[in-house]
Amino acid sequence: MLGRKDILWRRSPLSELTRLAWPICVSMLSYSAMTVADTAFVGAIGPAALAGVGLAGTLAFAVLVFGIGLLRGVKVVVSQAVGAGGKDQVEEVSAAGLWIALAMGATVVGLAQLIVLVVPMLAASEQAGVYGADYFRVRMLAAPLVYIFCTTRETSYGLGNSRAPMVASLCANLVNISLDYVFIVKLGFGPSGAAWATVIATALEAGLLLWLSNAPGVRSLAKGRRWLGAVLRVGLATGAQFAIEVGAFTLLTILVAAMSETQMAGHQVALCVVHFAFLPIVALSEAASVMAGQAVGADHDELVPTIALYALGMALVYALTCTLILAVGAPAIASFFGDDSGVRKTATSLLYVAAMFQLGDAFNIIARGMLRGTGDVRVPAIICVSVSWLALPPLTWLLGHHFGMGAVGAWLGLTCEIVVVAAVLWWRLWKGGWRASAAESRQVLAVHA
C-alpha cells in the first residue's frame, strides 16, 4: 500500500476548488456560446435546418460519448497518482489515454459512415433529414481530434492545470463562430458549413492544447500500454454509463423529432440555452472530482465529504440564479433564436420546465463527479443507466405522444430522472458507499509504483 501523503490544499479546499473550477467554467461557457452561435446561424435558415442539425448533433454526441466517458478515466488515475506522489507516472497514464483516443477515433469515423444513412429516416421531414445527414457526415470527421483533445485535457485537469484547456477552448470557439459566419452567411454552405467550422475549430483546439501542455504522453507511448488496465478500470464503466444514458436521451430526441419540425426545433433551442445552466456546475463537478482523486490517492478519504459540501454550496447558488433567470426571462430568451412563433412558444415552455429541475441537477452533477473522483463508478453507472431508461423513453412516449404534451412531456420525464438520480447518488456519497472503491484505487497505484 502507498503511504499517507500530505496535500497542499488540505487546509484551504475552497480556494483550490475555485482555482480549478473557474477556468473549466470559462471553457464550458465558451462551448455554450459556440452552441448558441451555431444554433442562431442555422436557425436563420429555417425550422427544417434547425430540426435537422438538432437531431444530427444529438446523434453525433451519442456516438462520441462512450469514448469521452472512457477517457475520463485518465483524469481520475492522474489525479490519484498526483495525490500519491507519483507525478512521474503521469506521462505514461496520458500515453495510455492517447492509445485509447486513436483506437476510438478510427472506430467512430468508420461507424459514422453507416449511421449517416439512418439520419434521414429519423427526421420529421425530408428536408430536415437532408440537412441533418449533411451536418452529421462532416461533423464526425472530427472524432479522432475530439478524443486527442479529451485525453490531453483530462491529463491537465488531473495535474491541477485547468487554464491551458481554457485557453485552447476559447481560441477554438472564436474561430468556430467566425467560420460559422463565413461558411453559412457569406458562402451559403448551409448546415454543413456549421459542421466544417466545428471540425476546423476542433483541430485547432487539440493542436493548441498539445502545444500549451507540452504534449503529455506523446514521448511515452511505448510505456503507456502498461497503464491501459488502470485507465480502463475507471473509464469503461464511465463510458458505458455515458453512452447508455445518452442513448436514452437520444431516443427521447428521436421521439421529439418524429412529432414535428417545430417541436424538434424548440427542443434544440431550449437545449442550447440550458447548457449555460448546467455546464458551469459540471465545471465545479470536474474540479471537485480532481480534488477527490488527489485526496483518495493521498489516503485522505476524510476530505471527500468536505469537498462535496463546498462544491454543492457553490453549485446551488448558481443553480438558483439560473432558476430565476429562466422563470422570468424564458420568452425573451426564446425570441433570440428566430422569428418562427411555433418554435418560440415550444422553446419558452421547455425553458419553464428547465427552471423546475435546476436545483436537483446541481445535486445530481456534483454527486456524479465526486463519486467518479474516488473511483466509485460501477454502482453509480448502474443507478444512472437504470433510472434514465425507466424514465426518459417511457415518459416521453406517455406524456409527449399519448397525452399530446409534445416536447414538454419529454422534458417532464427528464425532470423525473434528474430528481431521482440526484437523491440516490447523493445518499451514496454521503453514506460512504465509495470507500471500498477508494481503497481499491490505492491498491492499483501501489502495483504500478
# chains A, B, ... in the order shown; residues from 1 in each chain; ligands from 1
call {"tool": "residues_around", "arguments": {"residues": "Cys25 (chain A)", "least_positions_apart": "2", "cutoff": "8 Å", "atoms": "only C-alpha atoms", "output": "compact mmCIF listing (two decimals) with all heavy atoms, in the first residue's frame"}}
result
# COMPACT_ATOMS: atom_id res chain seq x y z
N ALA A 21 -11.87 25.38 -10.70
CA ALA A 21 -13.18 25.39 -11.35
C ALA A 21 -13.37 26.54 -12.33
O ALA A 21 -14.00 26.36 -13.38
CB ALA A 21 -14.29 25.41 -10.30
N TRP A 22 -12.86 27.74 -12.01
CA TRP A 22 -13.24 28.87 -12.85
C TRP A 22 -12.70 28.75 -14.29
O TRP A 22 -13.44 29.09 -15.23
CB TRP A 22 -12.86 30.21 -12.20
CG TRP A 22 -11.42 30.63 -12.27
CD1 TRP A 22 -10.50 30.53 -11.28
CD2 TRP A 22 -10.76 31.26 -13.39
NE1 TRP A 22 -9.29 31.04 -11.70
CE2 TRP A 22 -9.42 31.48 -12.98
CE3 TRP A 22 -11.15 31.63 -14.66
CZ2 TRP A 22 -8.48 32.09 -13.82
CZ3 TRP A 22 -10.21 32.22 -15.51
CH2 TRP A 22 -8.90 32.45 -15.09
N PRO A 23 -11.48 28.25 -14.52
CA PRO A 23 -11.08 28.09 -15.93
C PRO A 23 -11.92 27.02 -16.66
O PRO A 23 -12.21 27.17 -17.85
CB PRO A 23 -9.61 27.68 -15.85
CG PRO A 23 -9.15 28.12 -14.50
CD PRO A 23 -10.34 27.93 -13.63
N SER A 27 -14.22 27.62 -19.95
CA SER A 27 -14.15 26.73 -21.12
C SER A 27 -15.52 26.25 -21.53
O SER A 27 -15.89 26.25 -22.71
CB SER A 27 -13.25 25.53 -20.81
OG SER A 27 -11.94 25.92 -20.51
N MET A 28 -16.30 25.83 -20.53
CA MET A 28 -17.61 25.26 -20.83
C MET A 28 -18.61 26.32 -21.25
O MET A 28 -19.46 26.08 -22.12
CB MET A 28 -18.12 24.46 -19.63
CG MET A 28 -17.30 23.21 -19.40
SD MET A 28 -17.97 22.13 -18.14
CE MET A 28 -16.98 20.66 -18.40
N LEU A 29 -18.51 27.53 -20.68
CA LEU A 29 -19.38 28.60 -21.11
C LEU A 29 -19.04 29.04 -22.52
O LEU A 29 -19.93 29.41 -23.30
CB LEU A 29 -19.28 29.79 -20.15
CG LEU A 29 -20.00 29.62 -18.81
CD1 LEU A 29 -19.74 30.81 -17.91
CD2 LEU A 29 -21.50 29.43 -19.02
N LEU A 279 -23.58 23.52 -17.53
CA LEU A 279 -22.15 23.33 -17.77
C LEU A 279 -21.25 23.98 -16.71
O LEU A 279 -20.23 23.39 -16.33
CB LEU A 279 -21.78 23.82 -19.17
CG LEU A 279 -22.23 22.91 -20.32
CD1 LEU A 279 -21.79 23.49 -21.66
CD2 LEU A 279 -21.69 21.50 -20.16
N PRO A 280 -21.56 25.17 -16.19
CA PRO A 280 -20.74 25.67 -15.09
C PRO A 280 -20.78 24.77 -13.86
O PRO A 280 -19.78 24.65 -13.13
CB PRO A 280 -21.36 27.05 -14.79
CG PRO A 280 -21.93 27.47 -16.09
CD PRO A 280 -22.49 26.20 -16.68
N ILE A 281 -21.90 24.11 -13.61
CA ILE A 281 -21.97 23.17 -12.49
C ILE A 281 -21.15 21.93 -12.81
O ILE A 281 -20.51 21.35 -11.93
CB ILE A 281 -23.44 22.82 -12.17
CG1 ILE A 281 -24.18 24.09 -11.77
CG2 ILE A 281 -23.52 21.79 -11.04
CD1 ILE A 281 -25.66 23.89 -11.50
N VAL A 282 -21.16 21.50 -14.08
CA VAL A 282 -20.28 20.41 -14.49
C VAL A 282 -18.82 20.80 -14.25
O VAL A 282 -17.99 19.97 -13.84
CB VAL A 282 -20.51 20.05 -15.97
CG1 VAL A 282 -19.47 19.05 -16.45
CG2 VAL A 282 -21.90 19.49 -16.17
N ALA A 283 -18.48 22.07 -14.48
CA ALA A 283 -17.11 22.54 -14.23
C ALA A 283 -16.76 22.39 -12.75
O ALA A 283 -15.65 21.94 -12.41
CB ALA A 283 -16.98 24.00 -14.66
N LEU A 284 -17.67 22.77 -11.89
CA LEU A 284 -17.44 22.57 -10.45
C LEU A 284 -17.28 21.09 -10.12
O LEU A 284 -16.41 20.70 -9.32
CB LEU A 284 -18.63 23.12 -9.66
CG LEU A 284 -18.62 24.61 -9.31
CD1 LEU A 284 -19.97 25.02 -8.75
CD2 LEU A 284 -17.51 24.90 -8.30
call {"tool": "residues_around", "arguments": {"residues": "region 125-138 of chain A", "least_positions_apart": "5", "cutoff": "10 Å", "atoms": "only C-alpha atoms", "output": "PyMOL selection string"}}
result
chain A and resi 46-60+109+112-120+190-199+257-258+260-261
call {"tool": "closest_atom_pairs", "arguments": {"of": "region 162-273 of chain A", "to": "region 384-394 of chain A", "cutoff": "9 Å", "atoms": "only C-alpha atoms", "output": "Markdown table"}}
result
| residue | atom | partner | partner_atom | distance |
| --- | --- | --- | --- | --- |
| A:Ala240 | CA | A:Val385 | CA | 8.9 |
| A:Gln241 | CA | A:Val385 | CA | 6.1 |
| A:Phe242 | CA | A:Val385 | CA | 8.3 |
| A:Ile244 | CA | A:Val385 | CA | 6.2 |
| A:Glu245 | CA | A:Val385 | CA | 5.5 |
| A:Val246 | CA | A:Ser388 | CA | 8.8 |
| A:Gly247 | CA | A:Trp389 | CA | 8.7 |
| A:Ala248 | CA | A:Trp389 | CA | 5.7 |
| A:Phe249 | CA | A:Leu392 | CA | 6.7 |
| A:Leu251 | CA | A:Pro393 | CA | 6.4 |
| A:Leu252 | CA | A:Pro393 | CA | 5.6 |
| A:Leu255 | CA | A:Pro393 | CA | 8.2 |
call {"tool": "write_last_selection", "arguments": {"atoms": "all heavy atoms", "output": "compact mmCIF listing (two decimals), in the first residue's frame"}}
result
# COMPACT_ATOMS: atom_id res chain seq x y z
N ALA A 240 -19.48 3.45 -20.51
CA ALA A 240 -20.73 2.72 -20.71
C ALA A 240 -21.92 3.48 -20.13
O ALA A 240 -22.99 3.57 -20.74
CB ALA A 240 -20.63 1.34 -20.06
N GLN A 241 -21.71 4.06 -18.94
CA GLN A 241 -22.77 4.86 -18.32
C GLN A 241 -23.16 6.03 -19.22
O GLN A 241 -24.33 6.27 -19.50
CB GLN A 241 -22.31 5.39 -16.97
CG GLN A 241 -23.31 6.33 -16.31
CD GLN A 241 -22.72 7.03 -15.09
OE1 GLN A 241 -21.75 6.58 -14.51
NE2 GLN A 241 -23.30 8.16 -14.73
N PHE A 242 -22.14 6.78 -19.67
CA PHE A 242 -22.42 7.93 -20.53
C PHE A 242 -23.16 7.51 -21.79
O PHE A 242 -24.13 8.13 -22.21
CB PHE A 242 -21.10 8.61 -20.92
CG PHE A 242 -20.51 9.49 -19.86
CD1 PHE A 242 -20.91 9.42 -18.54
CD2 PHE A 242 -19.51 10.41 -20.17
CE1 PHE A 242 -20.35 10.22 -17.55
CE2 PHE A 242 -18.95 11.22 -19.21
CZ PHE A 242 -19.37 11.12 -17.90
N ILE A 244 -24.96 4.77 -22.50
CA ILE A 244 -26.32 4.24 -22.34
C ILE A 244 -27.29 5.33 -21.90
O ILE A 244 -28.44 5.40 -22.34
CB ILE A 244 -26.32 3.06 -21.35
CG1 ILE A 244 -25.42 1.94 -21.88
CG2 ILE A 244 -27.73 2.53 -21.14
CD1 ILE A 244 -25.19 0.80 -20.92
N GLU A 245 -26.81 6.25 -21.02
CA GLU A 245 -27.66 7.38 -20.62
C GLU A 245 -27.95 8.28 -21.82
O GLU A 245 -29.10 8.70 -22.03
CB GLU A 245 -26.96 8.20 -19.53
CG GLU A 245 -27.07 7.62 -18.15
CD GLU A 245 -26.57 8.59 -17.11
OE1 GLU A 245 -25.35 8.80 -17.01
OE2 GLU A 245 -27.41 9.16 -16.40
N VAL A 246 -26.91 8.58 -22.58
CA VAL A 246 -27.12 9.42 -23.75
C VAL A 246 -27.98 8.70 -24.78
O VAL A 246 -28.74 9.32 -25.53
CB VAL A 246 -25.76 9.85 -24.36
CG1 VAL A 246 -25.94 10.51 -25.72
CG2 VAL A 246 -25.06 10.82 -23.42
N GLY A 247 -27.88 7.36 -24.80
CA GLY A 247 -28.76 6.59 -25.67
C GLY A 247 -30.22 6.83 -25.32
O GLY A 247 -31.07 6.98 -26.21
N ALA A 248 -30.51 6.88 -24.03
CA ALA A 248 -31.89 7.16 -23.60
C ALA A 248 -32.30 8.56 -24.02
O ALA A 248 -33.42 8.79 -24.50
CB ALA A 248 -32.01 7.00 -22.08
N PHE A 249 -31.38 9.53 -23.86
CA PHE A 249 -31.70 10.90 -24.26
C PHE A 249 -31.83 11.01 -25.78
O PHE A 249 -32.64 11.79 -26.29
CB PHE A 249 -30.63 11.86 -23.74
CG PHE A 249 -30.98 13.32 -23.97
CD1 PHE A 249 -31.85 13.96 -23.11
CD2 PHE A 249 -30.46 14.01 -25.04
CE1 PHE A 249 -32.21 15.28 -23.32
CE2 PHE A 249 -30.79 15.33 -25.26
CZ PHE A 249 -31.67 15.98 -24.39
N LEU A 251 -32.93 8.64 -27.74
CA LEU A 251 -34.25 8.11 -28.07
C LEU A 251 -35.33 9.15 -27.78
O LEU A 251 -36.28 9.31 -28.55
CB LEU A 251 -34.51 6.83 -27.28
CG LEU A 251 -35.84 6.12 -27.55
CD1 LEU A 251 -36.04 5.87 -29.05
CD2 LEU A 251 -35.91 4.79 -26.79
N LEU A 252 -35.16 9.88 -26.67
CA LEU A 252 -36.07 10.99 -26.37
C LEU A 252 -36.08 11.99 -27.53
O LEU A 252 -37.14 12.43 -27.99
CB LEU A 252 -35.64 11.68 -25.07
CG LEU A 252 -36.38 12.94 -24.61
CD1 LEU A 252 -36.27 13.07 -23.09
CD2 LEU A 252 -35.82 14.22 -25.24
N LEU A 255 -37.86 10.66 -30.58
CA LEU A 255 -39.31 10.71 -30.40
C LEU A 255 -39.83 12.14 -30.57
O LEU A 255 -40.90 12.35 -31.17
CB LEU A 255 -39.67 10.18 -29.01
CG LEU A 255 -39.48 8.68 -28.81
CD1 LEU A 255 -39.66 8.31 -27.33
CD2 LEU A 255 -40.45 7.87 -29.67
call {"tool": "atom_distance", "arguments": {"atom1": "CA of His401 (chain A)", "atom2": "CA of Gln263 (chain A)"}}
result
11.8 Å
call {"tool": "closest_residue", "arguments": {"among": "A:Ala407, A:Met104, A:Leu187, A:Ile254", "to": "Ala143 (chain A)", "atoms": "only C-alpha atoms"}}
result
A:Met104
call {"tool": "residues_around", "arguments": {"residues": "Gly235 (chain A)", "least_positions_apart": "2", "cutoff": "6 Å", "atoms": "only C-alpha atoms", "output": "PyMOL selection string"}}
result
chain A and resi 70-73+231-233+237-239
call {"tool": "write_last_selection", "arguments": {"atoms": "C-alpha atoms", "output": "PDB file, in the first residue's frame"}}
result
ATOM      1  CA  LEU A  70     -13.893   6.277 -21.210  1.00  0.00           C
ATOM      2  CA  LEU A  71     -11.178   8.959 -21.315  1.00  0.00           C
ATOM      3  CA  ARG A  72     -12.496  10.418 -18.035  1.00  0.00           C
ATOM      4  CA  GLY A  73     -10.500   7.549 -16.544  1.00  0.00           C
ATOM      5  CA  VAL A 231      -7.463   3.717 -17.069  1.00  0.00           C
ATOM      6  CA  LEU A 232      -9.989   1.194 -18.361  1.00  0.00           C
ATOM      7  CA  ARG A 233     -10.900   0.113 -14.801  1.00  0.00           C
ATOM      8  CA  ALA A 237     -17.837   1.877 -16.551  1.00  0.00           C
ATOM      9  CA  THR A 238     -17.988   5.649 -17.007  1.00  0.00           C
ATOM     10  CA  GLY A 239     -18.001   5.339 -20.801  1.00  0.00           C
TER      11      GLY A 239
END
call {"tool": "closest_residue", "arguments": {"among": "A:Val296, A:Leu414, A:Cys272, A:Leu170", "to": "Val353 (chain A)", "atoms": "only C-alpha atoms"}}
result
A:Leu414
call {"tool": "residues_around", "arguments": {"residues": "region 371-381 of chain A", "least_positions_apart": "4", "cutoff": "9 Å", "atoms": "only C-alpha atoms", "output": "CSV table (one decimal) with C-alpha atoms, in the first residue's frame"}}
result
chain,number,residue,atom,x,y,z
A,72,ARG,CA,-12.5,10.4,-18.0
A,73,GLY,CA,-10.5,7.5,-16.5
A,75,LYS,CA,-8.2,12.3,-15.2
A,76,VAL,CA,-9.1,10.0,-12.3
A,77,VAL,CA,-5.9,8.0,-12.5
A,79,SER,CA,-5.2,12.9,-10.0
A,80,GLN,CA,-4.9,9.9,-7.8
A,233,ARG,CA,-10.9,0.1,-14.8
A,234,VAL,CA,-12.5,3.5,-14.2
A,235,GLY,CA,-13.1,4.6,-17.8
A,237,ALA,CA,-17.8,1.9,-16.6
A,238,THR,CA,-18.0,5.6,-17.0
A,240,ALA,CA,-20.7,2.7,-20.7
A,241,GLN,CA,-22.8,4.9,-18.3
A,242,PHE,CA,-22.4,7.9,-20.5
A,286,GLU,CA,-14.9,18.3,-12.6
A,288,ALA,CA,-14.2,18.5,-7.2
A,289,SER,CA,-13.5,15.2,-9.0
A,290,VAL,CA,-9.9,16.1,-9.3
A,291,MET,CA,-9.6,17.1,-5.7
A,292,ALA,CA,-11.4,13.9,-4.6
A,293,GLY,CA,-9.0,11.9,-6.7
A,294,GLN,CA,-6.0,13.6,-5.1
A,295,ALA,CA,-7.5,13.1,-1.6
A,296,VAL,CA,-8.0,9.3,-2.3
A,297,GLY,CA,-4.5,8.9,-3.7
A,301,ASP,CA,-10.6,10.0,2.5
A,304,VAL,CA,-14.1,13.9,0.3
A,366,ILE,CA,-21.9,17.2,-8.1
A,367,ALA,CA,-22.5,13.7,-6.7
A,385,VAL,CA,-28.5,3.9,-16.5
A,386,SER,CA,-31.5,2.2,-14.9
A,424,VAL,CA,-29.9,8.2,-4.8
A,425,LEU,CA,-26.3,9.3,-5.7
A,428,ARG,CA,-24.5,7.0,-1.6
A,429,LEU,CA,-21.9,9.8,-1.5
A,433,GLY,CA,-20.6,3.9,-0.4
A,434,TRP,CA,-17.5,4.9,-2.3
A,435,ARG,CA,-14.9,4.0,0.3
A,436,ALA,CA,-14.2,0.4,-0.9
A,437,SER,CA,-13.5,1.8,-4.4
A,438,ALA,CA,-11.2,4.4,-3.0
A,439,ALA,CA,-9.2,1.6,-1.2
A,440,GLU,CA,-9.1,-0.4,-4.5
A,441,SER,CA,-7.7,2.7,-6.3
call {"tool": "closest_residue", "arguments": {"among": "A:Val421, A:Ala330, A:Phe336, A:Leu20", "to": "Gly360 (chain A)", "atoms": "only C-alpha atoms"}}
result
A:Val421
call {"tool": "closest_residue", "arguments": {"among": "A:Lys5, A:His275, A:Arg139, A:Lys345", "to": "Gln358 (chain A)", "atoms": "only C-alpha atoms"}}
result
A:His275
call {"tool": "closest_residue", "arguments": {"among": "A:Ala355, A:Ala334, A:Ala37, A:Val408", "to": "Tyr181 (chain A)", "atoms": "only C-alpha atoms"}}
result
A:Ala37
call {"tool": "residues_around", "arguments": {"residues": "Leu351 (chain A)", "least_positions_apart": "3", "cutoff": "10 Å", "atoms": "only C-alpha atoms", "output": "MDAnalysis selection string"}}
result
chainID A and resid 266:267 269:271 273:274 323 325:327 329:331 333:334 346:348 354:356 408 411
call {"tool": "closest_residue", "arguments": {"among": "A:Leu236, A:Ala311, A:Ala362, A:Ala243", "to": "Phe278 (chain A)", "atoms": "only C-alpha atoms"}}
result
A:Ala362
call {"tool": "residues_around", "arguments": {"residues": "Ala410 (chain A)", "least_positions_apart": "4", "cutoff": "8 Å", "atoms": "only C-alpha atoms", "output": "PDB file with all heavy atoms, in the first residue's frame"}}
result
ATOM      1  N   LEU A 252     -35.157   9.883 -26.665  1.00  0.00           N
ATOM      2  CA  LEU A 252     -36.068  10.989 -26.370  1.00  0.00           C
ATOM      3  C   LEU A 252     -36.081  11.986 -27.534  1.00  0.00           C
ATOM      4  O   LEU A 252     -37.141  12.429 -27.990  1.00  0.00           O
ATOM      5  CB  LEU A 252     -35.637  11.681 -25.071  1.00  0.00           C
ATOM      6  CG  LEU A 252     -36.380  12.940 -24.608  1.00  0.00           C
ATOM      7  CD1 LEU A 252     -36.273  13.074 -23.087  1.00  0.00           C
ATOM      8  CD2 LEU A 252     -35.824  14.221 -25.242  1.00  0.00           C
ATOM      9  N   VAL A 256     -39.068  13.106 -30.071  1.00  0.00           N
ATOM     10  CA  VAL A 256     -39.466  14.504 -30.248  1.00  0.00           C
ATOM     11  C   VAL A 256     -39.385  14.898 -31.722  1.00  0.00           C
ATOM     12  O   VAL A 256     -40.269  15.576 -32.257  1.00  0.00           O
ATOM     13  CB  VAL A 256     -38.595  15.441 -29.387  1.00  0.00           C
ATOM     14  CG1 VAL A 256     -38.863  16.907 -29.734  1.00  0.00           C
ATOM     15  CG2 VAL A 256     -38.851  15.198 -27.911  1.00  0.00           C
ATOM     16  N   LEU A 392     -36.852   8.224 -19.168  1.00  0.00           N
ATOM     17  CA  LEU A 392     -36.885   9.068 -20.369  1.00  0.00           C
ATOM     18  C   LEU A 392     -37.741   8.517 -21.517  1.00  0.00           C
ATOM     19  O   LEU A 392     -38.715   9.167 -21.920  1.00  0.00           O
ATOM     20  CB  LEU A 392     -35.459   9.364 -20.843  1.00  0.00           C
ATOM     21  CG  LEU A 392     -34.611  10.226 -19.897  1.00  0.00           C
ATOM     22  CD1 LEU A 392     -33.272  10.550 -20.528  1.00  0.00           C
ATOM     23  CD2 LEU A 392     -35.332  11.505 -19.539  1.00  0.00           C
ATOM     24  N   LEU A 395     -41.654   7.905 -20.420  1.00  0.00           N
ATOM     25  CA  LEU A 395     -42.400   9.126 -20.113  1.00  0.00           C
ATOM     26  C   LEU A 395     -42.509  10.042 -21.330  1.00  0.00           C
ATOM     27  O   LEU A 395     -43.500  10.770 -21.477  1.00  0.00           O
ATOM     28  CB  LEU A 395     -41.753   9.864 -18.936  1.00  0.00           C
ATOM     29  CG  LEU A 395     -41.918   9.173 -17.577  1.00  0.00           C
ATOM     30  CD1 LEU A 395     -41.188   9.941 -16.489  1.00  0.00           C
ATOM     31  CD2 LEU A 395     -43.386   9.009 -17.221  1.00  0.00           C
ATOM     32  N   THR A 396     -41.499  10.013 -22.195  1.00  0.00           N
ATOM     33  CA  THR A 396     -41.593  10.793 -23.434  1.00  0.00           C
ATOM     34  C   THR A 396     -42.748  10.286 -24.282  1.00  0.00           C
ATOM     35  O   THR A 396     -43.533  11.075 -24.833  1.00  0.00           O
ATOM     36  CB  THR A 396     -40.279  10.706 -24.237  1.00  0.00           C
ATOM     37  OG1 THR A 396     -39.219  11.270 -23.459  1.00  0.00           O
ATOM     38  CG2 THR A 396     -40.388  11.455 -25.555  1.00  0.00           C
ATOM     39  N   TRP A 397     -42.849   8.968 -24.392  1.00  0.00           N
ATOM     40  CA  TRP A 397     -43.966   8.408 -25.175  1.00  0.00           C
ATOM     41  C   TRP A 397     -45.302   8.678 -24.485  1.00  0.00           C
ATOM     42  O   TRP A 397     -46.256   9.123 -25.124  1.00  0.00           O
ATOM     43  CB  TRP A 397     -43.781   6.905 -25.364  1.00  0.00           C
ATOM     44  CG  TRP A 397     -44.929   6.308 -26.128  1.00  0.00           C
ATOM     45  CD1 TRP A 397     -45.079   6.236 -27.488  1.00  0.00           C
ATOM     46  CD2 TRP A 397     -46.118   5.734 -25.575  1.00  0.00           C
ATOM     47  NE1 TRP A 397     -46.277   5.664 -27.816  1.00  0.00           N
ATOM     48  CE2 TRP A 397     -46.937   5.338 -26.660  1.00  0.00           C
ATOM     49  CE3 TRP A 397     -46.570   5.522 -24.271  1.00  0.00           C
ATOM     50  CZ2 TRP A 397     -48.173   4.736 -26.469  1.00  0.00           C
ATOM     51  CZ3 TRP A 397     -47.817   4.935 -24.086  1.00  0.00           C
ATOM     52  CH2 TRP A 397     -48.598   4.539 -25.181  1.00  0.00           C
ATOM     53  N   LEU A 399     -46.241  10.889 -21.934  1.00  0.00           N
ATOM     54  CA  LEU A 399     -46.665  12.279 -21.788  1.00  0.00           C
ATOM     55  C   LEU A 399     -46.637  13.034 -23.114  1.00  0.00           C
ATOM     56  O   LEU A 399     -47.536  13.816 -23.412  1.00  0.00           O
ATOM     57  CB  LEU A 399     -45.759  12.992 -20.762  1.00  0.00           C
ATOM     58  CG  LEU A 399     -45.763  12.413 -19.349  1.00  0.00           C
ATOM     59  CD1 LEU A 399     -44.780  13.166 -18.463  1.00  0.00           C
ATOM     60  CD2 LEU A 399     -47.158  12.463 -18.742  1.00  0.00           C
ATOM     61  N   GLY A 400     -45.562  12.784 -23.885  1.00  0.00           N
ATOM     62  CA  GLY A 400     -45.404  13.538 -25.121  1.00  0.00           C
ATOM     63  C   GLY A 400     -46.336  13.101 -26.227  1.00  0.00           C
ATOM     64  O   GLY A 400     -47.007  13.937 -26.861  1.00  0.00           O
ATOM     65  N   GLY A 406     -46.304  16.842 -26.263  1.00  0.00           N
ATOM     66  CA  GLY A 406     -45.168  17.166 -27.116  1.00  0.00           C
ATOM     67  C   GLY A 406     -43.851  17.136 -26.368  1.00  0.00           C
ATOM     68  O   GLY A 406     -43.647  16.338 -25.441  1.00  0.00           O
ATOM     69  N   LEU A 414     -37.528  14.036 -18.214  1.00  0.00           N
ATOM     70  CA  LEU A 414     -36.146  14.375 -17.865  1.00  0.00           C
ATOM     71  C   LEU A 414     -36.056  14.908 -16.444  1.00  0.00           C
ATOM     72  O   LEU A 414     -35.124  14.577 -15.699  1.00  0.00           O
ATOM     73  CB  LEU A 414     -35.630  15.417 -18.865  1.00  0.00           C
ATOM     74  CG  LEU A 414     -34.197  15.921 -18.668  1.00  0.00           C
ATOM     75  CD1 LEU A 414     -33.200  14.787 -18.834  1.00  0.00           C
ATOM     76  CD2 LEU A 414     -33.900  17.046 -19.664  1.00  0.00           C
TER      77      LEU A 414
END
call {"tool": "residues_around", "arguments": {"residues": "Leu320 (chain A)", "least_positions_apart": "4", "cutoff": "7 Å", "atoms": "only C-alpha atoms", "output": "PyMOL selection string"}}
result
chain A and resi 316+324+359
call {"tool": "write_last_selection", "arguments": {"atoms": "C-alpha atoms", "output": "tab-separated table (two decimals), in the first residue's frame"}}
result
chain	number	residue	atom	x	y	z
A	316	LEU	CA	-26.72	25.59	-5.58
A	324	LEU	CA	-34.83	32.76	-11.51
A	359	LEU	CA	-31.57	22.71	-8.06
